[in-house]
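The structure appears below as structure tokens.
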Amino acid sequence: MSYSPLLINLIEALRCMPGIGRKSAQRIAFHLLERDREGAKILSTSLMAAANDIGHCQKCRMFTEVELCNICSASGRDEKSICVVESPADVMALEDATGYRGMYFILMGHLSPIDGIGPDDLGLEQLEIRFKEEEISELIIATNSTVEGDATAHYLAEMASRYDIGASRIAHGIPLGGELEYVDGGTLSHAFFGRRVIE
Amino acid sequence: MSTKKRIQNQSAWILHHRPFSNSSMILEIMTCEYGRISLIAKGSRSAKSKFRGILRPFMPLSISWFSRTNLGTLTEAEIQGAPISLAGDALISGYYINELLLKLLYKDDPHYEVFSLYSETIKKLSLTSQIAPLLRQFEIKLLELIGYALNLREVVNSQIPIDSLSYYEYKPEVGLVVVQNNEGAMTFLGSQIRSIQQQNFECEDTLRCANRLLKKIISYQLGGKKLMTRKVIEEMKRNEK
């Protein structure tokens with residue numbers, strides 16, 4: 001037995017989401033039709049509006065439908081400090097956890113030479129313009145702790161040094177509450193060589 | 001029907017990885033006895049994976065896997081020896097070397113010598129500041145090991161040795177031929193050909209010539225496939241200016 005064309009379309013369309021296969025798509029479709037048609041209508045209008053109107057913040061590349069995102073347009077933030085992250089989710093994680101009140105720049109990825117992803121794909125020209133035009137004194141590099149994240153961090157640090165901007169990278173090492181015995185070798189060696197003086 | 005193969009504790013390097021499905025990765029790996037293989041590392045991107053922090057390029061690994069088709073499944077991975085840390089230009093060069101292996105080697109074709117050449121080069125890369133000579137040596141040796149050795153000793157189809165003061169053109173499919181002047185992208189002075197042949201890269205000029213020569217030969221061997229790392233390196237250099 002096959003479903004009606006509209007239903008088939010819906011199920012196929014739902015499968016574009018990450019982690020949603022044929023069965024999950026079918027379950028979601030039936031749930032929306034059986035129990036939550038109102039929710040389905042809201043979902044469809046918000047998806048449509050988001051897909052049409054959301055672009056990137058002119059300054060930090062965050063997703064937003066206005067020219068400057070909430071963080072870039074907020075008053076009272078430290079405009080001399082820029083924190084560079086790989087994805088929009090990283091901004092939220094840092095905002096919630098750290099109390100950092102400077103500005104951000106979102107790369108939407110990382111350098112990956114074998115995949116051909118270079119500085120141009122990460123909007124680094126835009127960041128360089130900010131280095132030139134704004135008065136930046138500190139660059140905090142919060143890329144992921146992967147080899148690609150390291151490569152990106154190194155490139156950013158060199159870029160910052162050309163403009164005499166002090167760059168630092170967030171520390172990586174033993175997690176809070178972690179016991180050395182159970183920490184993997186790579187992390188442990190990083191933590192060991194990145195040890196710091198107790199003040 | 002193909003049979004299931006189980007392989008234990010092979011020395012290996014990860015050349016490239018890409019995310020696959022929700023929490024897995026597909027790895028392109030260079031192994032000691034099985035050559036270049038592709039494996040799937042299931043669940044390796046999830047927070048609790050035992051592979052976390054281990055499956056990185058430039059990390060000396062010992063791995064186990066099983067395979068039924070040409071995409072096997074990784075079962076174990078351990079760090080073997082001290083991790084190698086590459087940064088900056090050395091790291092980008094490391095990616096370049098990885099891409100060469102990815103594009104020049106056939107899968108499932110054992111290359112014991114290429115594996116040791118790769119291991120040695122990566123280790124040296126982390127220790128030296130003279131990256132360019134190391135890359136040229138790697139390229140020359142790699143071409144030799146996969147059966148495309150350069151013939152820089154004599155003029156093609158003759159026993160005539162290379163004269164320091166004459167000009168030669170290198171034709172990828174043939175070898176060296178004598179030319180009258182130094183016009184053309186693949187024309188070199190005899191003395192430079194000799195230095196390249198002896199891998200004597202102390203002189204900047206020789207190094208530049210070797211780069212020019214090998215770039216052409218490698219792109220010939222790649223048969224139209226583009227090296228992405230080259231594109232990224234060029235982008236980086238342009239932005240630095």
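Chain lettering (A, B, ...) mirrors the order of the structure tokens, residue numbering begins at 1 for each chain separately, and ligand numbering begins at 1 in order of display.
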Query raised in the report: Taking only C-alpha atoms into account, what are the residues of chain B at most 10 Å from chain A, put as a PyMOL selection string?
Result: chain B and resi 15-18+21-23+50-59+78-79+82-93+95-96+98-100+102+226-236+239-240
Preceding selection exported with C-alpha atoms as a tab-separated table (two decimals), in the first residue's frame:
```tsv
chain	number	residue	atom	x	y	z
B	15	LEU	CA	44.86	10.72	6.64
B	16	HIS	CA	41.43	12.27	6.59
B	17	HIS	CA	38.10	12.01	8.37
B	18	ARG	CA	34.65	13.24	7.61
B	21	SER	CA	25.37	10.24	9.96
B	22	ASN	CA	24.62	11.43	13.51
B	23	SER	CA	27.66	10.51	15.51
B	50	LYS	CA	36.05	5.42	23.59
B	51	PHE	CA	37.62	6.86	20.44
B	52	ARG	CA	37.27	10.45	21.58
B	53	GLY	CA	40.47	12.45	21.26
B	54	ILE	CA	42.24	9.53	19.62
B	55	LEU	CA	41.04	9.54	16.03
B	56	ARG	CA	43.06	12.52	14.86
B	57	PRO	CA	45.33	12.92	11.88
B	58	PHE	CA	49.08	12.82	12.72
B	59	MET	CA	48.51	10.55	15.71
B	78	GLU	CA	45.02	3.10	20.67
B	79	ILE	CA	47.72	5.70	20.59
B	82	ALA	CA	54.08	9.86	21.74
B	83	PRO	CA	51.55	12.04	19.87
B	84	ILE	CA	53.10	14.25	17.20
B	85	SER	CA	52.22	17.88	17.37
B	86	LEU	CA	52.34	19.88	14.17
B	87	ALA	CA	51.54	23.56	14.06
B	88	GLY	CA	51.39	26.31	11.49
B	89	ASP	CA	53.21	25.64	8.24
B	90	ALA	CA	54.23	22.15	9.36
B	91	LEU	CA	50.58	21.28	9.94
B	92	ILE	CA	49.46	22.57	6.55
B	93	SER	CA	52.35	20.64	4.97
B	95	TYR	CA	47.77	17.96	5.23
B	96	TYR	CA	49.46	18.30	1.86
B	98	ASN	CA	48.07	13.35	3.46
B	99	GLU	CA	46.31	14.57	0.35
B	100	LEU	CA	49.12	13.25	-1.84
B	102	LEU	CA	44.89	10.02	-0.66
B	226	LYS	CA	43.23	19.00	-8.20
B	227	LEU	CA	45.11	19.23	-4.92
B	228	MET	CA	42.83	21.14	-2.55
B	229	THR	CA	45.60	21.84	-0.03
B	230	ARG	CA	47.48	23.77	-2.73
B	231	LYS	CA	44.44	25.95	-3.31
B	232	VAL	CA	44.11	26.65	0.42
B	233	ILE	CA	47.85	27.37	0.81
B	234	GLU	CA	47.65	29.84	-2.08
B	235	GLU	CA	44.64	31.53	-0.47
B	236	MET	CA	46.54	31.81	2.81
B	239	ASN	CA	45.83	36.95	2.36
B	240	GLU	CA	49.14	37.38	4.17
```
Requested in this report: In Å, rounded to a single decimal, give me how far CA of Leu125 in chain B is from CA of Ala160 in chain A.
Outcome: 25.1 Å
Query raised in the report: What's the 12 Å shell around Asn70 in chain B, counting only C-alpha atoms, without same-chain residues fewer than 2 positions away, as a PyMOL selection string?
Result: chain B and resi 2-5+28+36-40+65-68+72-73+107-108
Report task. Could you please write out, as a PyMOL selection string, every residue of range 29-137 of chain B that DSSP assigns to helix (DSSP H, G or I)? Result -> chain B and resi 88-104+112-125+131-137
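A straight line drawn from CA of Ile97 in chain B to CA of Gly35 in chain B is 15.4 Å long.
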**Report entry** Best match for closeness to Pro133 in chain B among B:Leu104, B:Ile29, B:Ser44, B:Thr121, counting only C-alpha atoms
**Finding:**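 Using only C-alpha atoms, Pro133 in chain B sits closest to B:Thr121.
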Requested in this report: Find the distance between CA of Ala191 in chain A and CA of Asn144 in chain A and write it in Å to one decimal.
Outcome: 15.4 Å
Query - Selected residue of minimal separation from Tyr100 in chain A among A:Glu133, A:Ile140, A:Ala171, A:Glu65, counting only C-alpha atoms - result: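 Of A:Glu133, A:Ile140, A:Ala171, A:Glu65, the one nearest Tyr100 in chain A, counting only C-alpha atoms, is A:Ile140.
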**Report entry** Shell around Gly184 in chain B at 12 Å using only C-alpha atoms, local window under 6 positions removed, as a PyMOL selection string
**Finding:** chain B and resi 167-171+212-213
Residues from last step as file, N, CA and C atoms, as an mmCIF file, in the first residue's frame:
```
data_model
loop_
_atom_site.group_PDB
_atom_site.id
_atom_site.type_symbol
_atom_site.label_atom_id
_atom_site.label_comp_id
_atom_site.auth_asym_id
_atom_site.auth_seq_id
_atom_site.Cartn_x
_atom_site.Cartn_y
_atom_site.Cartn_z
ATOM 1 N N TYR B 167 70.820 23.305 -21.090
ATOM 2 C CA TYR B 167 69.433 23.386 -20.634
ATOM 3 C C TYR B 167 68.675 22.119 -21.017
ATOM 4 N N TYR B 168 67.782 21.716 -20.143
ATOM 5 C CA TYR B 168 67.012 20.493 -20.374
ATOM 6 C C TYR B 168 65.546 20.750 -20.087
ATOM 7 N N GLU B 169 64.714 20.042 -20.819
ATOM 8 C CA GLU B 169 63.290 20.111 -20.511
ATOM 9 C C GLU B 169 62.868 18.748 -19.998
ATOM 10 N N TYR B 170 62.052 18.730 -18.938
ATOM 11 C CA TYR B 170 61.563 17.459 -18.410
ATOM 12 C C TYR B 170 60.173 17.200 -18.956
ATOM 13 N N LYS B 171 60.024 16.117 -19.702
ATOM 14 C CA LYS B 171 58.696 15.744 -20.200
ATOM 15 C C LYS B 171 58.190 14.595 -19.341
ATOM 16 N N ARG B 212 59.092 23.573 -8.761
ATOM 17 C CA ARG B 212 58.480 23.772 -10.071
ATOM 18 C C ARG B 212 58.374 22.427 -10.800
ATOM 19 N N LEU B 213 59.474 21.667 -10.755
ATOM 20 C CA LEU B 213 59.526 20.379 -11.446
ATOM 21 C C LEU B 213 58.501 19.399 -10.863
#
```
Query raised in the report: Among chain A, which ones does DSSP place in strand (DSSP E or B), written as a list of chain:residue names?
Result: A:Gly55, A:His56, A:Phe63, A:Thr64, A:Asp78, A:Glu79, A:Lys80, A:Ser81, A:Ile82, A:Cys83, A:Val84, A:Val85, A:Gly102, A:Met103, A:Tyr104, A:Phe105, A:Ile106, A:Ser112, A:Ile117, A:Glu138, A:Leu139, A:Ile140, A:Ile141, A:Ala142, A:Gly166, A:Ala167, A:Ser168, A:Arg169
Write the residues of the preceding selection, restricted to N, CA, C and O atoms, as a CSV table (one decimal), in the first residue's frame.
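Now in result02.csv:
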```csv
chain,number,residue,atom,x,y,z
A,55,GLY,N,19.3,35.8,7.6
A,55,GLY,CA,20.6,35.9,6.9
A,55,GLY,C,21.7,35.9,7.9
A,55,GLY,O,21.5,35.4,9.0
A,56,HIS,N,22.8,36.6,7.6
A,56,HIS,CA,23.9,36.6,8.6
A,56,HIS,C,24.1,38.1,9.1
A,56,HIS,O,23.9,39.0,8.4
A,63,PHE,N,23.4,34.0,12.7
A,63,PHE,CA,22.1,34.0,12.0
A,63,PHE,C,21.2,35.1,12.5
A,63,PHE,O,21.0,35.1,13.8
A,64,THR,N,20.7,35.9,11.7
A,64,THR,CA,19.7,36.9,12.2
A,64,THR,C,19.0,37.5,11.0
A,64,THR,O,19.5,37.5,9.9
A,78,ASP,N,32.0,44.9,25.7
A,78,ASP,CA,33.4,45.4,25.4
A,78,ASP,C,33.7,45.2,23.9
A,78,ASP,O,33.9,44.1,23.4
A,79,GLU,N,33.7,46.3,23.2
A,79,GLU,CA,33.9,46.2,21.7
A,79,GLU,C,35.4,46.0,21.3
A,79,GLU,O,35.7,45.8,20.1
A,80,LYS,N,36.3,46.0,22.3
A,80,LYS,CA,37.7,45.8,21.9
A,80,LYS,C,38.1,44.4,21.9
A,80,LYS,O,39.2,44.0,21.6
A,81,SER,N,37.2,43.5,22.4
A,81,SER,CA,37.5,42.1,22.4
A,81,SER,C,36.7,41.3,21.5
A,81,SER,O,35.4,41.4,21.5
A,82,ILE,N,37.3,40.4,20.7
A,82,ILE,CA,36.5,39.5,19.8
A,82,ILE,C,36.8,38.1,20.1
A,82,ILE,O,38.0,37.7,20.3
A,83,CYS,N,35.8,37.3,20.3
A,83,CYS,CA,36.0,35.9,20.5
A,83,CYS,C,35.6,35.1,19.2
A,83,CYS,O,34.4,35.3,18.7
A,84,VAL,N,36.5,34.3,18.7
A,84,VAL,CA,36.2,33.6,17.4
A,84,VAL,C,35.7,32.2,17.7
A,84,VAL,O,36.4,31.5,18.4
A,85,VAL,N,34.6,31.8,17.2
A,85,VAL,CA,34.1,30.4,17.4
A,85,VAL,C,33.7,29.8,16.1
A,85,VAL,O,33.6,30.5,15.0
A,102,GLY,N,32.2,40.4,25.6
A,102,GLY,CA,32.8,41.1,24.5
A,102,GLY,C,32.0,40.8,23.2
A,102,GLY,O,30.9,40.4,23.3
A,103,MET,N,32.7,40.9,22.1
A,103,MET,CA,32.0,40.6,20.8
A,103,MET,C,32.4,39.2,20.3
A,103,MET,O,33.3,38.6,20.8
A,104,TYR,N,31.7,38.8,19.2
A,104,TYR,CA,32.0,37.5,18.7
A,104,TYR,C,32.3,37.6,17.2
A,104,TYR,O,32.0,38.6,16.5
A,105,PHE,N,32.9,36.5,16.7
A,105,PHE,CA,32.9,36.3,15.2
A,105,PHE,C,32.8,34.8,14.9
A,105,PHE,O,33.4,34.0,15.5
A,106,ILE,N,31.8,34.5,14.1
A,106,ILE,CA,31.5,33.1,13.9
A,106,ILE,C,32.0,32.6,12.5
A,106,ILE,O,31.6,33.2,11.5
A,112,SER,N,39.9,23.4,6.5
A,112,SER,CA,40.1,21.9,6.3
A,112,SER,C,40.7,21.8,4.9
A,112,SER,O,40.0,21.7,3.9
A,117,ILE,N,38.5,23.8,2.1
A,117,ILE,CA,37.9,24.9,2.9
A,117,ILE,C,39.1,25.8,3.4
A,117,ILE,O,39.8,25.4,4.3
A,138,GLU,N,42.0,42.6,21.8
A,138,GLU,CA,42.2,41.2,22.2
A,138,GLU,C,41.4,40.3,21.3
A,138,GLU,O,40.2,40.5,21.0
A,139,LEU,N,42.0,39.2,20.9
A,139,LEU,CA,41.4,38.2,20.1
A,139,LEU,C,41.4,36.9,20.9
A,139,LEU,O,42.4,36.4,21.3
A,140,ILE,N,40.2,36.4,21.2
A,140,ILE,CA,40.1,35.1,22.0
A,140,ILE,C,39.7,34.0,21.0
A,140,ILE,O,38.7,34.1,20.3
A,141,ILE,N,40.6,33.0,20.8
A,141,ILE,CA,40.3,32.0,19.8
A,141,ILE,C,39.7,30.8,20.5
A,141,ILE,O,40.3,30.1,21.3
A,142,ALA,N,38.4,30.5,20.2
A,142,ALA,CA,37.7,29.4,20.9
A,142,ALA,C,37.3,28.4,19.8
A,142,ALA,O,36.1,28.0,19.8
A,166,GLY,N,46.7,41.2,20.4
A,166,GLY,CA,47.1,40.1,21.3
A,166,GLY,C,46.1,38.9,21.1
A,166,GLY,O,44.9,39.2,21.2
A,167,ALA,N,46.6,37.7,20.8
A,167,ALA,CA,45.6,36.6,20.6
A,167,ALA,C,45.9,35.6,21.7
A,167,ALA,O,47.0,35.3,22.1
A,168,SER,N,44.8,35.0,22.2
A,168,SER,CA,44.9,33.9,23.1
A,168,SER,C,44.0,32.8,22.7
A,168,SER,O,43.0,33.0,22.0
A,169,ARG,N,44.3,31.5,23.1
A,169,ARG,CA,43.4,30.4,22.8
A,169,ARG,C,42.9,29.8,24.1
A,169,ARG,O,43.6,29.8,25.0
```
Query raised in the report: Got a sec: who's within 9 Å of Gln26 in chain A, counting only C-alpha atoms, leaving out chain neighbours fewer than 2 positions off, as JSON, numbers by chain?
Result: {"A": [7, 8, 10, 11, 12, 14, 21, 22, 23, 24, 28, 29, 30, 31]}
Query - Spatial neighbours of Asp109 in chain B, max dist 12 Å, only C-alpha atoms, sep filter under 6 positions, as number ranges by chain - result: B: 30-37, 101, 115, 146
Convert the current residue selection to file output with N, CA and C atoms, as a PDB file, in the first residue's frame.
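Listing of again22.pdb after writing:
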```pdb
ATOM      1  N   MET B  30      45.966   5.140   6.465  1.00  0.00           N
ATOM      2  CA  MET B  30      47.131   4.490   5.866  1.00  0.00           C
ATOM      3  C   MET B  30      47.621   3.467   6.882  1.00  0.00           C
ATOM      4  N   THR B  31      47.600   2.195   6.490  1.00  0.00           N
ATOM      5  CA  THR B  31      48.073   1.171   7.422  1.00  0.00           C
ATOM      6  C   THR B  31      49.390   0.592   6.926  1.00  0.00           C
ATOM      7  N   CYS B  32      50.053  -0.095   7.842  1.00  0.00           N
ATOM      8  CA  CYS B  32      51.363  -0.637   7.529  1.00  0.00           C
ATOM      9  C   CYS B  32      51.251  -1.794   6.528  1.00  0.00           C
ATOM     10  N   GLU B  33      50.401  -2.764   6.801  1.00  0.00           N
ATOM     11  CA  GLU B  33      50.384  -3.975   5.965  1.00  0.00           C
ATOM     12  C   GLU B  33      49.240  -4.047   4.962  1.00  0.00           C
ATOM     13  N   TYR B  34      48.242  -3.173   5.130  1.00  0.00           N
ATOM     14  CA  TYR B  34      47.074  -3.257   4.253  1.00  0.00           C
ATOM     15  C   TYR B  34      46.911  -2.047   3.354  1.00  0.00           C
ATOM     16  N   GLY B  35      47.913  -1.165   3.358  1.00  0.00           N
ATOM     17  CA  GLY B  35      47.849   0.010   2.491  1.00  0.00           C
ATOM     18  C   GLY B  35      46.788   0.997   2.932  1.00  0.00           C
ATOM     19  N   ARG B  36      46.219   1.690   1.961  1.00  0.00           N
ATOM     20  CA  ARG B  36      45.235   2.726   2.286  1.00  0.00           C
ATOM     21  C   ARG B  36      43.847   2.098   2.337  1.00  0.00           C
ATOM     22  N   ILE B  37      43.145   2.311   3.441  1.00  0.00           N
ATOM     23  CA  ILE B  37      41.813   1.726   3.598  1.00  0.00           C
ATOM     24  C   ILE B  37      40.814   2.785   4.095  1.00  0.00           C
ATOM     25  N   LEU B 101      48.917  11.203  -0.515  1.00  0.00           N
ATOM     26  CA  LEU B 101      48.675   9.770  -0.349  1.00  0.00           C
ATOM     27  C   LEU B 101      47.241   9.420  -0.740  1.00  0.00           C
ATOM     28  N   PHE B 115      54.403   3.486   3.827  1.00  0.00           N
ATOM     29  CA  PHE B 115      54.016   3.682   5.219  1.00  0.00           C
ATOM     30  C   PHE B 115      55.208   4.162   6.046  1.00  0.00           C
ATOM     31  N   ILE B 146      55.963   4.451  -5.837  1.00  0.00           N
ATOM     32  CA  ILE B 146      54.733   4.022  -6.510  1.00  0.00           C
ATOM     33  C   ILE B 146      54.976   3.781  -7.998  1.00  0.00           C
TER      34      ILE B 146
END
```
